[in-house]
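S.K.: JSON, C-alpha atoms, file structure.json:
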```
[["chain", "number", "residue", "atom", "x", "y", "z"],
["N", 63, "ASN", "CA", 77.77, 111.37, 95.35],
["N", 64, "ALA", "CA", 79.59, 109.84, 98.33],
["N", 65, "PHE", "CA", 76.54, 109.09, 100.49],
["N", 66, "LYS", "CA", 74.60, 107.49, 97.66],
["N", 67, "GLY", "CA", 77.60, 105.28, 96.86],
["N", 68, "LEU", "CA", 78.01, 104.23, 100.51],
["N", 69, "ASN", "CA", 74.29, 103.53, 100.74],
["N", 70, "ASN", "CA", 74.58, 101.21, 97.71],
["N", 71, "VAL", "CA", 77.38, 99.36, 99.49],
["N", 72, "CYS", "CA", 75.29, 99.05, 102.69],
["N", 73, "GLU", "CA", 72.20, 97.76, 100.92],
["N", 74, "PHE", "CA", 74.04, 94.99, 99.05],
["N", 75, "LYS", "CA", 73.13, 91.65, 100.66],
["N", 76, "GLY", "CA", 75.35, 89.33, 98.63],
["N", 77, "LYS", "CA", 75.77, 85.61, 99.03],
["N", 78, "SER", "CA", 77.52, 83.77, 101.79],
["N", 79, "GLY", "CA", 81.28, 83.61, 101.42],
["N", 80, "ILE", "CA", 81.54, 86.24, 98.66],
["N", 81, "GLY", "CA", 84.80, 87.75, 99.94],
["N", 82, "SER", "CA", 85.72, 90.97, 98.17],
["N", 83, "ILE", "CA", 83.98, 93.00, 95.48],
["N", 84, "GLU", "CA", 85.18, 95.92, 93.38],
["N", 85, "LEU", "CA", 84.05, 99.33, 94.63],
["N", 86, "GLU", "CA", 83.24, 100.37, 91.07],
["N", 87, "SER", "CA", 80.36, 97.86, 90.97],
["N", 88, "PHE", "CA", 78.61, 99.97, 93.64],
["N", 89, "SER", "CA", 79.69, 103.50, 92.82],
["N", 90, "GLU", "CA", 81.74, 104.79, 89.93],
["N", 91, "TRP", "CA", 81.90, 108.15, 91.75],
["N", 92, "LEU", "CA", 83.56, 106.65, 94.85],
["N", 93, "SER", "CA", 85.83, 104.48, 92.73],
["N", 94, "GLU", "CA", 87.13, 107.44, 90.75],
["N", 95, "PHE", "CA", 87.28, 109.91, 93.66],
["N", 96, "GLU", "CA", 90.62, 111.70, 93.97],
["N", 97, "ALA", "CA", 91.02, 114.63, 96.36],
["N", 98, "GLY", "CA", 91.10, 117.91, 94.49],
["N", 99, "GLN", "CA", 89.86, 116.29, 91.26],
["N", 100, "GLN", "CA", 86.14, 116.53, 91.97],
["N", 101, "ALA", "CA", 84.02, 119.59, 91.27],
["N", 102, "GLY", "CA", 82.67, 121.91, 93.93],
["N", 103, "ALA", "CA", 82.39, 121.05, 97.61],
["N", 104, "TYR", "CA", 83.62, 117.47, 97.14],
["N", 105, "ARG", "CA", 87.24, 118.56, 96.78],
["N", 106, "SER", "CA", 87.75, 118.12, 100.49],
["N", 107, "LEU", "CA", 85.65, 115.43, 102.15],
["N", 108, "LEU", "CA", 86.71, 114.74, 105.73],
["N", 109, "VAL", "CA", 87.35, 111.23, 107.00],
["N", 110, "PRO", "CA", 84.18, 110.57, 109.07],
["N", 111, "GLY", "CA", 84.02, 109.90, 112.78],
["N", 112, "LEU", "CA", 87.55, 110.82, 113.85],
["N", 113, "TYR", "CA", 86.51, 113.52, 116.29],
["N", 114, "ASP", "CA", 85.09, 110.84, 118.59],
["N", 115, "LYS", "CA", 88.53, 109.23, 118.87],
["N", 116, "TYR", "CA", 89.87, 112.33, 120.64],
["N", 117, "GLN", "CA", 87.13, 112.99, 123.16],
["N", 118, "ARG", "CA", 85.63, 111.26, 126.13],
["N", 119, "PRO", "CA", 82.46, 109.26, 125.47],
["N", 120, "GLY", "CA", 79.30, 111.32, 125.83],
["N", 121, "ARG", "CA", 81.08, 114.69, 125.67],
["N", 122, "LEU", "CA", 80.90, 117.04, 122.73],
["N", 123, "VAL", "CA", 84.05, 118.94, 121.86],
["N", 124, "LYS", "CA", 84.82, 121.43, 119.13],
["N", 125, "PRO", "CA", 86.76, 119.69, 116.34],
["N", 126, "ARG", "CA", 90.45, 120.60, 116.28],
["N", 127, "LYS", "CA", 92.19, 121.47, 113.04],
["N", 128, "GLN", "CA", 94.74, 118.63, 113.41],
["N", 129, "HIS", "CA", 91.89, 116.09, 113.54],
["N", 130, "GLN", "CA", 90.40, 117.25, 110.25],
["N", 131, "ILE", "CA", 91.85, 114.60, 107.98],
["N", 132, "LYS", "CA", 90.72, 114.79, 104.37],
["N", 133, "ILE", "CA", 89.88, 111.83, 102.16],
["N", 134, "VAL", "CA", 92.41, 111.30, 99.38],
["N", 135, "ARG", "CA", 90.72, 108.24, 97.85],
["N", 136, "PHE", "CA", 88.62, 105.17, 98.63],
["N", 137, "GLY", "CA", 89.99, 101.62, 98.55],
["N", 138, "GLN", "CA", 89.01, 99.77, 95.39],
["N", 139, "LYS", "CA", 88.03, 96.50, 97.14],
["N", 140, "ILE", "CA", 85.10, 95.99, 99.51],
["N", 141, "LEU", "CA", 85.27, 93.03, 101.87],
["N", 142, "VAL", "CA", 81.88, 91.40, 102.54],
["N", 143, "MET", "CA", 81.96, 89.97, 106.06],
["N", 144, "ASN", "CA", 80.45, 86.56, 106.66],
["N", 145, "SER", "CA", 77.84, 87.31, 109.35],
["N", 146, "GLN", "CA", 74.08, 87.66, 109.54],
["N", 147, "ARG", "CA", 73.83, 91.30, 108.36],
["N", 148, "ARG", "CA", 76.76, 90.96, 105.91],
["N", 149, "PRO", "CA", 78.52, 94.20, 106.89],
["N", 150, "LYS", "CA", 81.06, 95.46, 104.39],
["N", 151, "ARG", "CA", 84.54, 96.73, 105.20],
["N", 152, "ILE", "CA", 85.69, 99.70, 103.18],
["N", 153, "GLU", "CA", 89.00, 101.53, 103.33],
["N", 154, "ILE", "CA", 89.53, 105.27, 103.13],
["N", 155, "ARG", "CA", 92.98, 106.76, 102.51],
["N", 156, "GLY", "CA", 93.50, 110.03, 104.39],
["N", 157, "ASP", "CA", 95.76, 112.95, 103.58],
["N", 158, "ASP", "CA", 97.81, 111.98, 106.65],
["N", 159, "GLU", "CA", 98.88, 108.87, 104.66],
["N", 160, "ASN", "CA", 96.94, 106.52, 106.94],
["N", 161, "THR", "CA", 94.30, 104.05, 105.81],
["N", 162, "TYR", "CA", 91.07, 104.03, 107.83],
["N", 163, "LYS", "CA", 88.92, 100.90, 107.83],
["N", 164, "TYR", "CA", 85.17, 101.16, 108.28],
["N", 165, "LEU", "CA", 82.39, 98.63, 108.58],
["N", 166, "VAL", "CA", 79.29, 99.81, 106.74],
["N", 167, "LYS", "CA", 75.88, 98.26, 107.21],
["N", 168, "SER", "CA", 72.22, 99.17, 107.10],
["N", 169, "GLY", "CA", 68.87, 97.97, 108.33],
["N", 170, "GLU", "CA", 69.41, 98.38, 112.06],
["N", 171, "ASP", "CA", 69.81, 100.95, 114.79],
["N", 172, "LEU", "CA", 73.48, 101.93, 114.98],
["N", 173, "ARG", "CA", 73.11, 103.72, 118.31],
["N", 174, "LEU", "CA", 73.61, 100.38, 120.07],
["N", 175, "ASP", "CA", 76.81, 99.84, 118.08],
["N", 176, "GLN", "CA", 78.00, 103.32, 119.09],
["N", 177, "ARG", "CA", 77.39, 102.55, 122.77],
["N", 178, "ILE", "CA", 79.26, 99.25, 122.54],
["N", 179, "GLU", "CA", 82.23, 100.99, 120.90],
["N", 180, "GLN", "CA", 82.18, 103.59, 123.70],
["N", 181, "LEU", "CA", 82.29, 100.72, 126.20],
["N", 182, "PHE", "CA", 85.28, 99.22, 124.34],
["N", 183, "TYR", "CA", 86.98, 102.64, 124.49],
["N", 184, "VAL", "CA", 86.51, 102.83, 128.28],
["N", 185, "MET", "CA", 87.70, 99.23, 128.71],
["N", 186, "ASN", "CA", 90.86, 100.01, 126.71],
["N", 187, "GLN", "CA", 91.51, 103.00, 128.97],
["N", 188, "ILE", "CA", 91.30, 100.66, 131.98],
["N", 189, "TYR", "CA", 93.60, 98.13, 130.28],
["N", 190, "GLU", "CA", 96.20, 100.85, 129.64],
["N", 191, "LYS", "CA", 96.34, 101.66, 133.36],
["N", 192, "ASP", "CA", 96.62, 98.04, 134.48],
["N", 193, "PRO", "CA", 100.25, 96.76, 134.45],
["N", 194, "PHE", "CA", 99.12, 93.16, 133.87],
["N", 195, "CYS", "CA", 97.11, 94.15, 130.78],
["N", 196, "THR", "CA", 99.73, 96.59, 129.49],
["N", 197, "LYS", "CA", 102.47, 93.97, 129.72],
["N", 198, "ARG", "CA", 100.40, 91.65, 127.51],
["N", 199, "ASN", "CA", 99.31, 94.43, 125.11],
["N", 200, "LEU", "CA", 95.64, 93.68, 125.75],
["N", 201, "ARG", "CA", 93.30, 95.86, 123.68],
["N", 202, "ILE", "CA", 89.86, 95.53, 122.19],
["N", 203, "LYS", "CA", 89.68, 96.45, 118.51],
["N", 204, "GLU", "CA", 87.56, 99.58, 118.21],
["N", 205, "TYR", "CA", 85.59, 100.65, 115.16],
["N", 206, "ILE", "CA", 84.22, 104.08, 114.41],
["N", 207, "VAL", "CA", 80.41, 104.06, 114.13],
["N", 208, "VAL", "CA", 79.01, 106.85, 111.97],
["N", 209, "PRO", "CA", 75.29, 106.73, 111.14],
["N", 210, "LEU", "CA", 74.80, 108.16, 107.65],
["N", 211, "SER", "CA", 71.01, 108.44, 107.79],
["N", 212, "THR", "CA", 68.18, 108.44, 110.31]]
```
Written as structure tokens, that's how I'd like the structure from this file.
M.R.:
Amino acid sequence: NAFKGLNNVCEFKGKSGIGSIELESFSEWLSEFEAGQQAGAYRSLLVPGLYDKYQRPGRLVKPRKQHQIKIVRFGQKILVMNSQRRPKRIEIRGDDENTYKYLVKSGEDLRLDQRIEQLFYVMNQIYEKDPFCTKRNLRIKEYIVVPLST
């Protein structure tokens, strides 16, 4: 299933400077996933973590229908980043025709990563209100952090 496949991706340590790897080498299920083609409940998996993009940090809101973007397919290449934990970047194609990039990793507490991303969100809000920053299009790249297990 999807979580087992993503866990396989997370656990892969790889060698330094590997670059990209085929998704199929981790999970045939993810590689062959097509929305509406899978049996049962997997016909409509939602793109994870998007609700947080439309709320203020630390506040829970009820998900809105327009933010429920379904996964159409997974990108076939996984990029292995060249850092200590070797996070992997995967791509998910949504039914809104956008591609969502995620960093997946394991072996550490992701709550710290979530807090840092919330800080980046707040900093970007400040940048948007500052004419000096807006004129120069200053932004910090934000990633969605979604813990898949405890």
S.K.: Just want the 12 Å neighbourhood of Lys203 in chain N, counted on only C-alpha atoms, with same-chain residues fewer than 5 positions away dropped. Output as a ChimeraX atom specification.
M.R.: /N:163,178-183,185-186
S.K.: One decimal, in Å: what's the spacing between CA of Ile206 in chain N and CA of Pro110 in chain N?
M.R.: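 Value for the CA of Ile206 in chain N-CA of Pro110 in chain N distance: 8.4 Å.
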S.K.: From the list N:Phe194, N:Trp91, N:Tyr205, N:Tyr189, which residue is nearest Arg151 in chain N when using all atoms listed in the file?
M.R.: N:Tyr205
S.K.: N:Ile202, N:Leu107, N:Glu96, N:Gln138: which is nearest Glu84 in chain N, counting all atoms listed in the file?
M.R.: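 Of all the options, N:Gln138 lies closest to Glu84 in chain N.
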S.K.: To one decimal place, how far is CA of Glu94 in chain N from CA of Arg135 in chain N in Å?
M.R.: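 Result for CA of Glu94 in chain N versus CA of Arg135 in chain N: 8.0 Å, one decimal.
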S.K.: Could the centre and edge lengths of an axis-aligned box, enclosing all atoms of range 180-191 of chain N in the file with 5 Å extra on each side, be given in Å to one decimal as JSON?
M.R.:
```
{"center_x": 89.3, "center_y": 100.9, "center_z": 128.5, "size_x": 24.2, "size_y": 15.5, "size_z": 19.7}
```
S.K.: In Å, how far is it from CA of Pro149 in chain N to CA of Ala97 in chain N?
M.R.: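 A separation of 26.2 Å between them.
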S.K.: Measuring between all atoms listed in the file, which one of N:Ile83, N:Val184, N:Val109, N:Leu200 shows the shortest distance to Glu159 in chain N?
M.R.: N:Val109
S.K.: For Ile131 in chain N, which residue out of N:Gly156, N:Gly111, N:Gly81, N:Pro193 is the nearest one, using only C-alpha atoms?
M.R.: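 So, comparing all the options, the nearest one is N:Gly156.
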S.K.: Thr161 in chain N: which residues within 12 Å, counting only C-alpha atoms, same-chain residues fewer than 3 positions away excluded, as a ChimeraX atom specification?
M.R.: /N:109,131-137,152-158,164
